[in-house]
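With mmCIF, C-alpha atoms inside, this is run_32.cif:
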data_my_file
loop_
_atom_site.label_atom_id
_atom_site.label_comp_id
_atom_site.auth_asym_id
_atom_site.auth_seq_id
_atom_site.Cartn_x
_atom_site.Cartn_y
_atom_site.Cartn_z
CA MET F 1 -146.76 -154.72 99.87
CA ASN F 2 -144.98 -157.26 102.02
CA HIS F 3 -141.32 -158.02 101.68
CA GLN F 4 -141.51 -161.18 99.63
CA LEU F 5 -144.03 -159.84 97.17
CA ARG F 6 -141.91 -156.75 96.74
CA ASN F 7 -138.86 -158.87 95.92
CA LEU F 8 -140.82 -160.95 93.46
CA PHE F 9 -142.20 -157.87 91.75
CA PHE F 10 -138.76 -156.27 91.55
CA ILE F 11 -136.93 -159.27 90.08
CA TRP F 12 -139.60 -160.06 87.51
CA SER F 13 -139.85 -156.48 86.37
CA MET F 14 -136.05 -156.50 85.92
CA ILE F 15 -136.21 -159.78 83.97
CA LEU F 16 -139.10 -158.60 81.80
CA LEU F 17 -137.33 -155.31 81.16
CA SER F 18 -134.25 -157.18 79.91
CA ILE F 19 -136.41 -159.42 77.72
CA ILE F 20 -138.12 -156.37 76.25
CA LEU F 21 -134.74 -154.77 75.57
CA MET F 22 -133.76 -157.90 73.68
CA VAL F 23 -136.81 -158.12 71.43
CA ILE F 24 -138.03 -154.52 70.98
CA PRO F 25 -137.65 -153.33 67.39
CA VAL F 26 -134.92 -150.71 66.98
CA PRO F 27 -133.45 -148.92 63.96
CA GLU F 28 -131.28 -151.14 61.79
CA VAL F 29 -128.04 -149.38 62.68
CA ILE F 30 -128.17 -150.35 66.34
CA ASP F 31 -130.08 -153.59 65.77
CA GLN F 32 -126.96 -155.68 65.38
CA TYR F 33 -125.45 -154.22 68.55
CA ARG F 34 -128.12 -155.73 70.77
CA LEU F 35 -126.49 -156.65 74.08
CA PRO F 36 -127.31 -159.91 75.91
CA TRP F 37 -129.28 -158.01 78.57
CA LEU F 38 -131.04 -161.03 80.02
CA LYS F 39 -127.78 -162.95 80.51
CA MET F 40 -126.25 -159.87 82.17
CA THR F 41 -129.20 -159.43 84.53
CA VAL F 42 -129.20 -163.11 85.48
CA ILE F 43 -125.43 -163.12 86.11
CA PHE F 44 -125.72 -159.98 88.23
CA PHE F 45 -128.43 -161.33 90.49
CA SER F 46 -126.88 -164.79 90.71
CA ILE F 47 -123.72 -163.20 92.06
CA PHE F 48 -124.85 -160.19 94.07
CA ASN F 49 -128.37 -160.91 95.23
CA VAL F 50 -129.07 -164.62 95.27
CA SER F 51 -132.13 -164.23 97.47
CA LEU F 52 -134.11 -162.94 94.49
CA ILE F 53 -133.79 -165.72 91.94
CA GLY F 54 -133.30 -169.42 91.48
CA ILE F 55 -132.54 -171.71 88.59
CA ILE F 56 -136.18 -172.45 87.88
CA SER F 57 -137.23 -168.80 87.50
CA VAL F 58 -134.15 -168.14 85.34
CA TRP F 59 -135.08 -171.10 83.18
CA PHE F 60 -138.61 -169.80 82.67
CA SER F 61 -137.34 -166.35 81.70
CA GLY F 62 -135.12 -168.02 79.08
CA LEU F 63 -138.10 -169.95 77.77
CA ILE F 64 -140.06 -166.70 77.35
CA LEU F 65 -137.15 -165.21 75.41
CA ASP F 66 -136.95 -168.29 73.17
CA ILE F 67 -140.60 -168.08 72.27
CA LEU F 68 -140.55 -164.32 71.67
CA THR F 69 -137.49 -164.54 69.41
CA GLY F 70 -138.80 -167.59 67.55
CA GLY F 71 -135.73 -169.64 68.39
CA LEU F 72 -135.40 -173.27 69.36
CA MET F 73 -137.55 -173.76 72.45
CA GLY F 74 -135.27 -174.33 75.46
CA GLU F 75 -132.04 -172.99 73.99
CA ASN F 76 -131.74 -169.74 75.93
CA ALA F 77 -133.38 -171.40 78.92
CA LEU F 78 -130.57 -173.97 79.08
CA ILE F 79 -127.82 -171.39 78.61
CA LEU F 80 -129.22 -169.08 81.28
CA ALA F 81 -129.65 -171.92 83.79
CA VAL F 82 -126.03 -172.98 83.34
CA LEU F 83 -124.72 -169.40 83.60
CA SER F 84 -126.83 -168.74 86.67
CA TYR F 85 -125.57 -171.92 88.37
CA LEU F 86 -121.92 -171.12 87.66
CA SER F 87 -122.31 -167.51 88.83
CA TYR F 88 -123.91 -168.73 92.04
CA ARG F 89 -121.15 -171.28 92.70
CA PHE F 90 -118.39 -168.67 92.35
CA ARG F 91 -120.27 -165.78 93.94
CA PHE F 92 -118.07 -165.47 97.06
CA GLN F 93 -114.84 -165.29 95.05
CA VAL F 94 -116.30 -162.89 92.51
CA ARG F 95 -117.85 -160.49 95.03
CA VAL F 96 -114.49 -159.55 96.52
CA TYR F 97 -112.72 -159.14 93.19
CA PRO F 98 -111.84 -155.67 91.92
CA MET F 99 -114.01 -154.49 89.03
CA TRP F 100 -111.61 -155.45 86.24
CA GLN F 101 -111.50 -159.05 87.47
CA ILE F 102 -115.27 -159.20 87.72
CA MET F 103 -115.35 -158.00 84.11
CA ILE F 104 -113.09 -160.89 83.11
CA VAL F 105 -115.37 -163.35 84.89
CA VAL F 106 -118.35 -161.85 83.06
CA LEU F 107 -116.45 -162.14 79.79
CA ILE F 108 -115.80 -165.82 80.44
CA LEU F 109 -119.41 -166.50 81.41
CA LEU F 110 -120.88 -164.68 78.40
CA SER F 111 -118.40 -166.41 76.07
CA LEU F 112 -119.41 -169.74 77.55
CA GLY F 113 -123.02 -168.82 76.81
CA GLU F 114 -122.15 -168.08 73.17
CA LEU F 115 -120.20 -171.33 72.98
CA ILE F 116 -123.15 -173.39 74.23
CA ALA F 117 -125.35 -171.58 71.70
CA LEU F 118 -122.88 -172.53 68.95
CA TRP F 119 -122.94 -176.17 70.08
CA ILE F 120 -126.72 -176.24 70.06
CA HIS F 121 -126.82 -174.64 66.61
CA GLY F 122 -124.20 -177.11 65.42
CA VAL F 123 -126.18 -180.11 66.63
CA SER F 124 -129.41 -178.79 65.12
CA GLY F 125 -127.60 -178.34 61.82
CA ASN F 126 -127.44 -174.60 61.26
CA MET F 127 -124.22 -173.23 62.63
CA PHE F 128 -123.71 -169.63 61.52
CA PHE F 129 -120.84 -167.75 62.98
CA ASN F 130 -122.13 -164.24 63.60
CA ILE F 131 -119.29 -161.90 64.48
CA TYR F 132 -121.72 -159.40 66.04
CA ASP F 133 -122.62 -161.86 68.81
CA TRP F 134 -119.01 -161.75 69.95
CA ILE F 135 -118.67 -158.00 69.47
CA ASN F 136 -121.76 -157.62 71.66
CA VAL F 137 -120.18 -159.81 74.33
CA GLY F 138 -117.22 -157.42 74.31
CA ILE F 139 -119.47 -154.36 74.57
CA ALA F 140 -121.47 -156.01 77.35
CA VAL F 141 -118.27 -156.52 79.36
CA LEU F 142 -117.28 -152.90 78.79
CA VAL F 143 -120.63 -151.54 79.97
CA TRP F 144 -120.72 -153.96 82.92
CA PRO F 145 -119.49 -151.40 85.53
CA ILE F 146 -122.25 -148.94 84.53
CA PHE F 147 -124.77 -151.76 84.35
CA THR F 148 -124.02 -152.92 87.90
CA LYS F 149 -124.14 -149.33 89.20
CA VAL F 150 -127.59 -148.83 87.68
CA LEU F 151 -128.91 -152.14 89.01
CA GLU F 152 -127.51 -151.45 92.48
CA LYS F 153 -129.17 -148.02 92.48
CA MET F 154 -132.49 -149.54 91.47
CA GLN F 155 -132.14 -152.25 94.08
CA SER F 156 -131.36 -149.88 96.91
CA SER F 157 -134.15 -147.49 95.99
CA PHE F 158 -136.79 -150.17 95.56
CA LEU F 159 -135.85 -152.78 98.15
CA GLU F 160 -135.11 -151.68 101.66
CA MET M 1 -133.66 -167.26 116.63
CA PRO M 2 -130.72 -166.04 114.55
CA LEU M 3 -129.40 -168.44 111.96
CA HIS M 4 -126.05 -170.09 112.28
CA PRO M 5 -123.57 -168.39 109.82
CA ALA M 6 -123.26 -171.53 107.73
CA GLN M 7 -127.03 -171.81 107.56
CA ARG M 8 -127.36 -168.20 106.57
CA ILE M 9 -124.87 -168.51 103.74
CA ASN M 10 -126.57 -171.60 102.40
CA ARG M 11 -130.11 -170.32 102.80
CA PHE M 12 -130.63 -170.19 99.06
CA GLU M 13 -128.73 -173.36 98.31
CA LYS M 14 -131.84 -175.23 97.28
CA ASN M 15 -132.76 -172.59 94.69
CA PHE M 16 -129.45 -173.25 92.98
CA SER M 17 -128.95 -176.94 93.73
CA ALA M 18 -127.14 -179.08 91.19
CA TYR M 19 -130.15 -181.40 91.02
CA ARG M 20 -132.32 -178.56 89.79
CA LEU M 21 -129.71 -177.67 87.20
CA ILE M 22 -129.55 -181.25 85.95
CA ILE M 23 -133.34 -181.54 85.78
CA VAL M 24 -133.60 -178.22 83.95
CA VAL M 25 -130.86 -179.18 81.48
CA ILE M 26 -132.59 -182.48 80.73
CA ILE M 27 -135.96 -180.77 80.24
CA SER M 28 -134.33 -178.18 77.93
CA CYS M 29 -132.72 -180.89 75.84
CA ILE M 30 -136.03 -182.73 75.51
CA LEU M 31 -137.80 -179.48 74.56
CA MET M 32 -135.15 -178.60 71.99
CA TYR M 33 -135.20 -182.07 70.46
CA GLN M 34 -138.98 -182.08 70.26
CA ASP M 35 -139.08 -178.59 68.83
CA TYR M 36 -136.45 -179.51 66.26
CA GLN M 37 -138.33 -182.63 65.23
CA LYS M 38 -141.63 -180.72 65.29
CA ASN M 39 -143.65 -183.53 66.87
CA TYR M 40 -145.50 -184.13 70.16
CA LEU M 41 -144.70 -180.89 71.92
CA SER M 42 -145.42 -178.55 69.02
CA VAL M 43 -148.92 -178.11 70.47
CA LEU M 44 -147.35 -176.87 73.70
CA ARG M 45 -145.36 -174.32 71.77
CA VAL M 46 -148.48 -173.17 69.93
CA TYR M 47 -150.22 -172.44 73.21
CA LEU M 48 -147.18 -170.79 74.79
CA SER M 49 -146.75 -168.59 71.73
CA ALA M 50 -150.45 -167.75 71.73
CA SER M 51 -150.30 -166.72 75.39
CA LEU M 52 -147.31 -164.50 74.64
CA TYR M 53 -148.92 -162.99 71.55
CA PRO M 54 -150.30 -159.96 73.45
CA ALA M 55 -146.79 -159.27 74.77
CA GLN M 56 -145.40 -159.58 71.27
CA TYR M 57 -148.07 -157.17 70.04
CA LEU M 58 -147.39 -154.66 72.83
CA ILE M 59 -143.62 -154.76 72.34
CA ASN M 60 -144.03 -153.98 68.65
CA LEU M 61 -146.76 -151.41 69.21
CA PRO M 62 -144.44 -148.36 69.26
CA LYS M 63 -142.85 -149.28 65.94
CA ASN M 64 -146.14 -150.06 64.23
CA PHE M 65 -147.71 -146.93 65.73
CA ILE M 66 -144.91 -144.72 64.42
CA GLN M 67 -145.31 -146.25 60.99
CA LYS M 68 -149.05 -145.51 61.05
CA LEU M 69 -148.36 -141.98 62.26
CA ASP M 70 -145.94 -141.54 59.41
CA ILE M 71 -148.67 -142.37 56.93
CA ASN M 72 -151.23 -140.10 58.61
CA PHE M 73 -148.94 -137.11 58.71
CA SER M 74 -147.47 -137.44 55.26
CA GLU M 75 -147.88 -134.44 53.03
CA ARG M 76 -151.12 -133.82 51.19
CA GLU M 77 -149.19 -133.26 48.00
CA ALA M 78 -147.41 -136.59 48.32
CA LEU M 79 -150.70 -138.34 48.97
CA LEU M 80 -152.30 -136.75 45.91
CA GLN M 81 -149.31 -137.76 43.84
CA GLU M 82 -149.48 -141.30 45.19
CA ASN M 83 -153.19 -141.45 44.49
CA LYS M 84 -152.56 -140.41 40.90
CA VAL M 85 -149.94 -143.13 40.43
CA LEU M 86 -152.16 -145.74 42.05
CA LYS M 87 -155.10 -144.77 39.82
CA LYS M 88 -152.93 -145.14 36.76
CA ASP M 89 -151.61 -148.48 37.99
CA ASN M 90 -155.11 -149.65 38.75
CA PHE M 91 -156.31 -148.71 35.27
CA GLU M 92 -153.43 -150.57 33.67
CA LEU M 93 -153.94 -153.63 35.82
CA ARG M 94 -157.65 -153.66 35.09
CA SER M 95 -157.03 -153.62 31.37
CA ASN M 96 -154.49 -156.41 31.79
CA ILE M 97 -156.98 -158.47 33.76
CA GLN M 98 -159.40 -158.44 30.83
CA GLN M 99 -156.82 -160.48 28.99
CA VAL M 100 -156.46 -162.79 31.95
CA TYR M 101 -160.12 -163.82 31.90
CA ARG M 102 -159.79 -164.90 28.29
CA LEU M 103 -156.52 -166.72 28.98
CA GLU M 104 -157.98 -168.44 31.99
CA SER M 105 -160.97 -169.77 30.11
CA GLU M 106 -158.72 -170.85 27.26
CA ASN M 107 -156.42 -172.55 29.72
CA LYS M 108 -159.34 -174.38 31.28
CA ARG M 109 -160.57 -175.51 27.88
CA LEU M 110 -157.12 -176.82 27.03
CA TYR M 111 -156.93 -178.66 30.34
CA ASP M 112 -160.30 -180.22 29.53
CA LEU M 113 -159.07 -181.26 26.10
CA LEU M 114 -156.00 -182.86 27.61
CA ASP M 115 -158.23 -184.52 30.18
CA SER M 116 -155.80 -183.58 32.92
CA LYS M 117 -156.69 -182.76 36.48
CA PRO M 118 -158.32 -179.40 37.14
CA LYS M 119 -156.13 -176.52 38.18
CA LYS M 120 -156.05 -175.80 41.87
CA ASP M 121 -157.76 -172.65 42.94
CA ASN M 122 -156.20 -170.54 45.68
CA SER M 123 -157.89 -168.40 48.27
CA TYR M 124 -156.18 -165.41 49.80
CA ILE M 125 -156.10 -164.10 53.34
CA PHE M 126 -154.82 -160.58 53.86
CA ALA M 127 -152.64 -160.00 56.89
CA ASP M 128 -150.46 -157.38 58.54
CA ILE M 129 -147.01 -157.89 59.91
CA VAL M 130 -146.70 -157.77 63.71
CA ALA M 131 -143.03 -158.42 64.43
CA VAL M 132 -139.69 -159.15 62.83
CA SER M 133 -137.34 -161.59 64.54
CA PRO M 134 -134.75 -159.65 66.58
CA ILE M 135 -132.08 -162.24 65.77
CA ALA M 136 -130.12 -161.06 62.75
CA GLU M 137 -129.54 -164.47 61.20
CA LYS M 138 -133.16 -165.55 61.58
CA HIS M 139 -135.30 -164.20 58.75
CA GLN M 140 -138.67 -164.67 60.40
CA ILE M 141 -141.71 -162.49 60.74
CA ILE M 142 -144.92 -162.78 62.72
CA ILE M 143 -148.21 -161.93 61.03
CA ASN M 144 -151.55 -161.16 62.62
CA LYS M 145 -153.53 -164.07 61.19
CA GLY M 146 -153.33 -167.56 62.62
CA SER M 147 -155.33 -170.74 62.83
CA ARG M 148 -158.26 -168.71 64.19
CA ASP M 149 -158.45 -167.14 60.72
CA ASP M 150 -157.93 -170.54 59.03
CA VAL M 151 -154.27 -170.03 58.17
CA VAL M 152 -152.68 -173.48 57.90
CA ILE M 153 -149.04 -174.36 58.46
CA GLY M 154 -147.16 -174.52 55.18
CA SER M 155 -149.18 -171.95 53.23
CA ALA M 156 -147.16 -169.59 51.10
CA VAL M 157 -146.96 -165.89 51.90
CA ALA M 158 -146.57 -163.21 49.25
CA ASP M 159 -146.78 -159.47 48.79
CA GLY M 160 -147.75 -157.49 45.71
CA ASN M 161 -144.43 -158.22 44.02
CA GLY M 162 -143.70 -161.85 44.72
CA ILE M 163 -143.30 -164.75 47.11
CA LEU M 164 -141.96 -163.87 50.58
CA GLY M 165 -141.94 -167.15 52.48
CA HIS M 166 -144.19 -169.70 54.10
CA VAL M 167 -145.93 -170.25 57.43
CA ILE M 168 -143.87 -172.46 59.72
CA ARG M 169 -145.58 -172.14 63.08
CA ASP M 170 -149.04 -171.42 64.29
CA GLN M 171 -149.72 -169.03 67.17
CA ILE M 172 -153.54 -169.21 67.01
CA PHE M 173 -153.92 -165.40 66.79
CA GLY M 174 -150.87 -165.03 64.58
CA SER M 175 -148.36 -167.17 62.79
CA GLU M 176 -144.64 -167.27 62.21
CA VAL M 177 -143.38 -166.98 58.65
CA LEU M 178 -139.96 -168.10 57.43
CA LEU M 179 -138.70 -165.82 54.65
CA ILE M 180 -137.15 -167.20 51.47
CA SER M 181 -133.89 -165.41 52.25
CA ASP M 182 -133.32 -167.38 55.47
CA ARG M 183 -130.36 -169.72 55.33
CA GLU M 184 -132.52 -172.67 56.26
CA HIS M 185 -134.97 -172.01 53.45
CA ALA M 186 -135.09 -173.46 49.97
CA ILE M 187 -137.76 -172.86 47.34
CA PRO M 188 -138.43 -174.94 44.20
CA ILE M 189 -138.28 -172.60 41.20
CA GLU M 190 -138.69 -172.70 37.46
CA ILE M 191 -136.98 -170.46 34.92
CA VAL M 192 -139.73 -168.94 32.77
CA ARG M 193 -137.69 -168.74 29.58
CA THR M 194 -136.51 -172.36 29.52
CA SER M 195 -138.89 -174.12 31.93
CA LEU M 196 -135.84 -175.45 33.69
CA ARG M 197 -136.50 -176.43 37.28
CA SER M 198 -134.17 -175.99 40.20
CA ILE M 199 -134.04 -174.94 43.84
CA ALA M 200 -133.14 -171.49 45.18
CA VAL M 201 -131.76 -171.36 48.69
CA GLY M 202 -131.60 -168.39 51.05
CA THR M 203 -128.27 -166.77 51.84
CA GLY M 204 -129.02 -164.85 55.03
CA ASN M 205 -128.97 -161.66 52.97
CA TYR M 206 -132.34 -160.00 52.35
CA ASN M 207 -131.73 -159.21 48.66
CA GLU M 208 -130.11 -162.40 47.55
CA LEU M 209 -130.97 -166.02 46.90
CA ARG M 210 -128.67 -168.56 45.38
CA ILE M 211 -128.98 -171.47 42.96
CA ASN M 212 -126.19 -173.95 43.54
CA ALA M 213 -126.96 -177.09 41.62
CA LEU M 214 -126.97 -176.14 37.94
CA ALA M 215 -124.25 -177.54 35.68
CA THR M 216 -121.95 -175.15 33.83
CA ASN M 217 -123.57 -175.86 30.45
CA THR M 218 -127.04 -174.79 31.66
CA ASP M 219 -128.90 -172.22 29.58
CA ILE M 220 -129.41 -169.42 32.08
CA LYS M 221 -128.51 -165.78 31.87
CA LYS M 222 -128.74 -162.53 33.73
CA GLY M 223 -132.27 -161.14 33.84
CA ASP M 224 -134.08 -164.48 33.61
CA ILE M 225 -137.30 -164.50 35.61
CA LEU M 226 -137.94 -167.23 38.16
CA ILE M 227 -141.37 -168.46 39.25
CA THR M 228 -142.38 -171.13 41.74
CA SER M 229 -142.48 -174.54 40.11
CA GLY M 230 -145.09 -176.04 42.42
CA LEU M 231 -142.96 -179.11 43.01
CA GLY M 232 -142.81 -180.29 46.59
CA GLY M 233 -146.38 -179.17 47.09
CA ARG M 234 -145.58 -176.37 49.51
CA TYR M 235 -145.60 -173.37 47.21
CA PRO M 236 -148.39 -172.96 44.66
CA GLU M 237 -147.32 -173.01 41.05
CA GLY M 238 -146.53 -169.94 38.97
CA PHE M 239 -145.90 -167.16 41.48
CA PRO M 240 -143.00 -164.79 40.79
CA VAL M 241 -139.90 -165.30 42.93
CA GLY M 242 -137.11 -163.14 41.49
CA THR M 243 -134.73 -162.38 38.68
CA VAL M 244 -131.27 -163.73 38.02
CA LYS M 245 -128.79 -161.08 39.08
CA ASP M 246 -125.54 -162.72 38.22
CA VAL M 247 -124.22 -165.92 36.70
CA ILE M 248 -120.63 -166.76 37.54
CA ASN M 249 -118.86 -169.62 35.82
CA ASN M 250 -115.74 -170.44 37.79
CA PRO M 251 -113.29 -172.44 35.68
CA GLY M 252 -112.69 -175.83 37.26
CA GLU M 253 -116.02 -175.84 39.12
CA SER M 254 -118.73 -178.20 37.94
CA PHE M 255 -121.62 -175.94 38.97
CA LEU M 256 -122.60 -172.37 38.18
CA GLU M 257 -122.77 -169.75 40.90
CA ILE M 258 -126.09 -168.04 40.34
CA SER M 259 -127.39 -165.20 42.51
CA VAL M 260 -131.02 -164.15 42.40
CA THR M 261 -132.73 -160.91 43.45
CA PRO M 262 -136.13 -161.65 45.00
CA PHE M 263 -139.11 -159.61 43.77
CA GLY M 264 -140.72 -159.31 47.17
CA ASN M 265 -139.59 -156.57 49.54
CA LEU M 266 -138.22 -158.85 52.24
CA LYS M 267 -136.69 -156.02 54.22
CA THR M 268 -139.67 -153.69 54.41
CA ILE M 269 -142.76 -155.84 54.54
CA ASN M 270 -146.11 -154.19 55.25
CA GLU M 271 -149.23 -155.88 53.96
CA ILE M 272 -149.04 -159.46 52.83
CA TRP M 273 -151.37 -162.18 51.71
CA VAL M 274 -151.36 -165.79 52.73
CA ILE M 275 -152.06 -168.09 49.79
CA GLN M 276 -154.30 -170.91 50.96
CA PRO M 277 -154.48 -173.95 48.75
CA THR M 278 -158.02 -175.19 48.19
CA THR M 279 -158.26 -178.40 46.22
CA GLY M 280 -160.63 -178.69 43.30
CA HIS M 281 -163.50 -176.36 42.39
#

Output the file's structure as structure tokens, nothing else.
Amino acid sequence: MNHQLRNLFFIWSMILLSIILMVIPVPEVIDQYRLPWLKMTVIFFSIFNVSLIGIISVWFSGLILDILTGGLMGENALILAVLSYLSYRFRFQVRVYPMWQIMIVVLILLSLGELIALWIHGVSGNMFFNIYDWINVGIAVLVWPIFTKVLEKMQSSFLE
Amino acid sequence: MPLHPAQRINRFEKNFSAYRLIIVVIISCILMYQDYQKNYLSVLRVYLSASLYPAQYLINLPKNFIQKLDINFSEREALLQENKVLKKDNFELRSNIQQVYRLESENKRLYDLLDSKPKKDNSYIFADIVAVSPIAEKHQIIINKGSRDDVVIGSAVADGNGILGHVIRDQIFGSEVLLISDREHAIPIEIVRTSLRSIAVGTGNYNELRINALATNTDIKKGDILITSGLGGRYPEGFPVGTVKDVINNPGESFLEISVTPFGNLKTINEIWVIQPTTGH
């Protein structure tokens, strides 16, 4: 497998894995604690390995998620594109931050994502405030150090 | 030739250019607007959903497989017991149906006497559930029959106990069903005891619907049975919806607060039927 194909395969398997984690049926107890895996993956690659993705591929992955979850078509796509763009713009600052500051940046980005979702729901006339969305943002920030470790491991073992 | 440092840093600039972001945001807004209005691009969504149907099926395979396994490995004793109960139920239902034939013919005769339009006959399509929406506040399911099996958008979906919801989106090989407990859902109902008509809206809670627009002097009490009224033309007439669980009369309020328990098992749906309206005989 040549280099480019390998990259493509790696990034799309990561994206599909996150999508699967977001839609796979799980027992009811942990169902409400479903983390925003796809947003986390996109933020990670937009900061730490920009050679793998671009806005267009991020947008398509969001579209797939929208259709699989039965949501408004384009909602997650829009949010992910915006998050990916912002992460890319601030990647040099963020990369040199210590972990706790990176976690704050991730918190801000994920909260922004939730905020855009609330706006879209508000405009389309069904704004429900779900406290679990925000709890999950908090959990996602807390697991971020482990998450990045795992992704870095996978990256270094799969890509040379 | 090695790249200049500035070139190297900005190698991927075009993948993340602001123009692309703007274009993508505009396209998303158009898609969302069209999807919300359910016009021109709904066909696009049908095909996208249909192409992702295998993925949907595969993702839900483990869960459905475990459920099947559960049935196959259940105890012989339990199965025998269940069989006994089902036989008894079947016998009872069969004897009840004998009455129904008579009632139906009588009903038809009365309709003829009144010279009113003939009753609509429904056809039923049996389906299995494929997936439940992973979003907690969206009460949606996907079933394994779509327009390929002649399921049309808007047909009502029910299980053995009562109405569950209606088909909102076609996926060719499957279709998406909005449950009556979803917050965006409202169903026209009729109280059997008084023939009073109203509308029950979903609450986002699987075992509760709510009736908001009945004045405080309305004759309604706990235990009243609700059926579909057939108004609005979406749900066929006379299917069971639920029972009144609670009637709260807050002093100073002009409307009653009525909560309803749906008959259908909205939380644990297995086999369902899609009620297809067929006009005339």

Translate the PyMOL selection byres ((chain M and resi 261) around 8) into a concrete residue list for this structure, as a list in words.
Asn207, Glu208, Leu209, Gly242, Thr243, Val244, Lys245, Ser259, Val260, Pro262 and Phe263 of chain M

Those residues with C-alpha atoms, as a PDB file, in the coordinates of the input please?
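Saved result, result_37.pdb, follows:
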ATOM      1  CA  ASN M 207    -131.730-159.210  48.660  1.00  0.00           C
ATOM      2  CA  GLU M 208    -130.110-162.400  47.550  1.00  0.00           C
ATOM      3  CA  LEU M 209    -130.970-166.020  46.900  1.00  0.00           C
ATOM      4  CA  GLY M 242    -137.110-163.140  41.490  1.00  0.00           C
ATOM      5  CA  THR M 243    -134.730-162.380  38.680  1.00  0.00           C
ATOM      6  CA  VAL M 244    -131.270-163.730  38.020  1.00  0.00           C
ATOM      7  CA  LYS M 245    -128.790-161.080  39.080  1.00  0.00           C
ATOM      8  CA  SER M 259    -127.390-165.200  42.510  1.00  0.00           C
ATOM      9  CA  VAL M 260    -131.020-164.150  42.400  1.00  0.00           C
ATOM     10  CA  PRO M 262    -136.130-161.650  45.000  1.00  0.00           C
ATOM     11  CA  PHE M 263    -139.110-159.610  43.770  1.00  0.00           C
TER      12      PHE M 263
END

Just to confirm, what's the straight-line distance from atom CA of Arg34 of chain F to atom CA of Val137 of chain F in Å (one decimal)?
9.6 Å

Can you list, as a list in words, the residues that the PyMOL selection byres ((chain M) within 7 of (chain F)) selects here?
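With the PyMOL selection byres ((chain M) within 7 of (chain F)) on this model, the match is Phe12, Asn15, Phe16, Arg20, Leu21, Val25, Ser28, Leu31, Met32, Asp35, Ser49, Gln56, Ile59, Asn60, Lys63, Ser133, Pro134, Ile135 and Ala136 of chain M.
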
So that I have them on file, write out the residues from the current selection with C-alpha atoms, as a PDB file, in the frame of the given file.
ATOM      1  CA  PHE M  12    -130.630-170.190  99.060  1.00  0.00           C
ATOM      2  CA  ASN M  15    -132.760-172.590  94.690  1.00  0.00           C
ATOM      3  CA  PHE M  16    -129.450-173.250  92.980  1.00  0.00           C
ATOM      4  CA  ARG M  20    -132.320-178.560  89.790  1.00  0.00           C
ATOM      5  CA  LEU M  21    -129.710-177.670  87.200  1.00  0.00           C
ATOM      6  CA  VAL M  25    -130.860-179.180  81.480  1.00  0.00           C
ATOM      7  CA  SER M  28    -134.330-178.180  77.930  1.00  0.00           C
ATOM      8  CA  LEU M  31    -137.800-179.480  74.560  1.00  0.00           C
ATOM      9  CA  MET M  32    -135.150-178.600  71.990  1.00  0.00           C
ATOM     10  CA  ASP M  35    -139.080-178.590  68.830  1.00  0.00           C
ATOM     11  CA  SER M  49    -146.750-168.590  71.730  1.00  0.00           C
ATOM     12  CA  GLN M  56    -145.400-159.580  71.270  1.00  0.00           C
ATOM     13  CA  ILE M  59    -143.620-154.760  72.340  1.00  0.00           C
ATOM     14  CA  ASN M  60    -144.030-153.980  68.650  1.00  0.00           C
ATOM     15  CA  LYS M  63    -142.850-149.280  65.940  1.00  0.00           C
ATOM     16  CA  SER M 133    -137.340-161.590  64.540  1.00  0.00           C
ATOM     17  CA  PRO M 134    -134.750-159.650  66.580  1.00  0.00           C
ATOM     18  CA  ILE M 135    -132.080-162.240  65.770  1.00  0.00           C
ATOM     19  CA  ALA M 136    -130.120-161.060  62.750  1.00  0.00           C
TER      20      ALA M 136
END

Contact residues around segment 212-215 of chain M with all atoms listed in the file at 12 Å, ignoring same-chain residues under 3 positions, as a JSON list (two decimals) with C-alpha atoms, keeping the file's coordinate frame:
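Wrote around.json, looks like this:
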[["chain", "number", "residue", "atom", "x", "y", "z"],
["M", 186, "ALA", "CA", -135.09, -173.46, 49.97],
["M", 188, "PRO", "CA", -138.43, -174.94, 44.20],
["M", 191, "ILE", "CA", -136.98, -170.46, 34.92],
["M", 196, "LEU", "CA", -135.84, -175.45, 33.69],
["M", 197, "ARG", "CA", -136.50, -176.43, 37.28],
["M", 198, "SER", "CA", -134.17, -175.99, 40.20],
["M", 199, "ILE", "CA", -134.04, -174.94, 43.84],
["M", 200, "ALA", "CA", -133.14, -171.49, 45.18],
["M", 201, "VAL", "CA", -131.76, -171.36, 48.69],
["M", 202, "GLY", "CA", -131.60, -168.39, 51.05],
["M", 203, "THR", "CA", -128.27, -166.77, 51.84],
["M", 209, "LEU", "CA", -130.97, -166.02, 46.90],
["M", 218, "THR", "CA", -127.04, -174.79, 31.66],
["M", 219, "ASP", "CA", -128.90, -172.22, 29.58],
["M", 220, "ILE", "CA", -129.41, -169.42, 32.08],
["M", 247, "VAL", "CA", -124.22, -165.92, 36.70],
["M", 248, "ILE", "CA", -120.63, -166.76, 37.54],
["M", 249, "ASN", "CA", -118.86, -169.62, 35.82],
["M", 250, "ASN", "CA", -115.74, -170.44, 37.79],
["M", 252, "GLY", "CA", -112.69, -175.83, 37.26],
["M", 253, "GLU", "CA", -116.02, -175.84, 39.12],
["M", 254, "SER", "CA", -118.73, -178.20, 37.94],
["M", 255, "PHE", "CA", -121.62, -175.94, 38.97],
["M", 256, "LEU", "CA", -122.60, -172.37, 38.18],
["M", 257, "GLU", "CA", -122.77, -169.75, 40.90],
["M", 258, "ILE", "CA", -126.09, -168.04, 40.34],
["M", 259, "SER", "CA", -127.39, -165.20, 42.51],
["M", 260, "VAL", "CA", -131.02, -164.15, 42.40]]
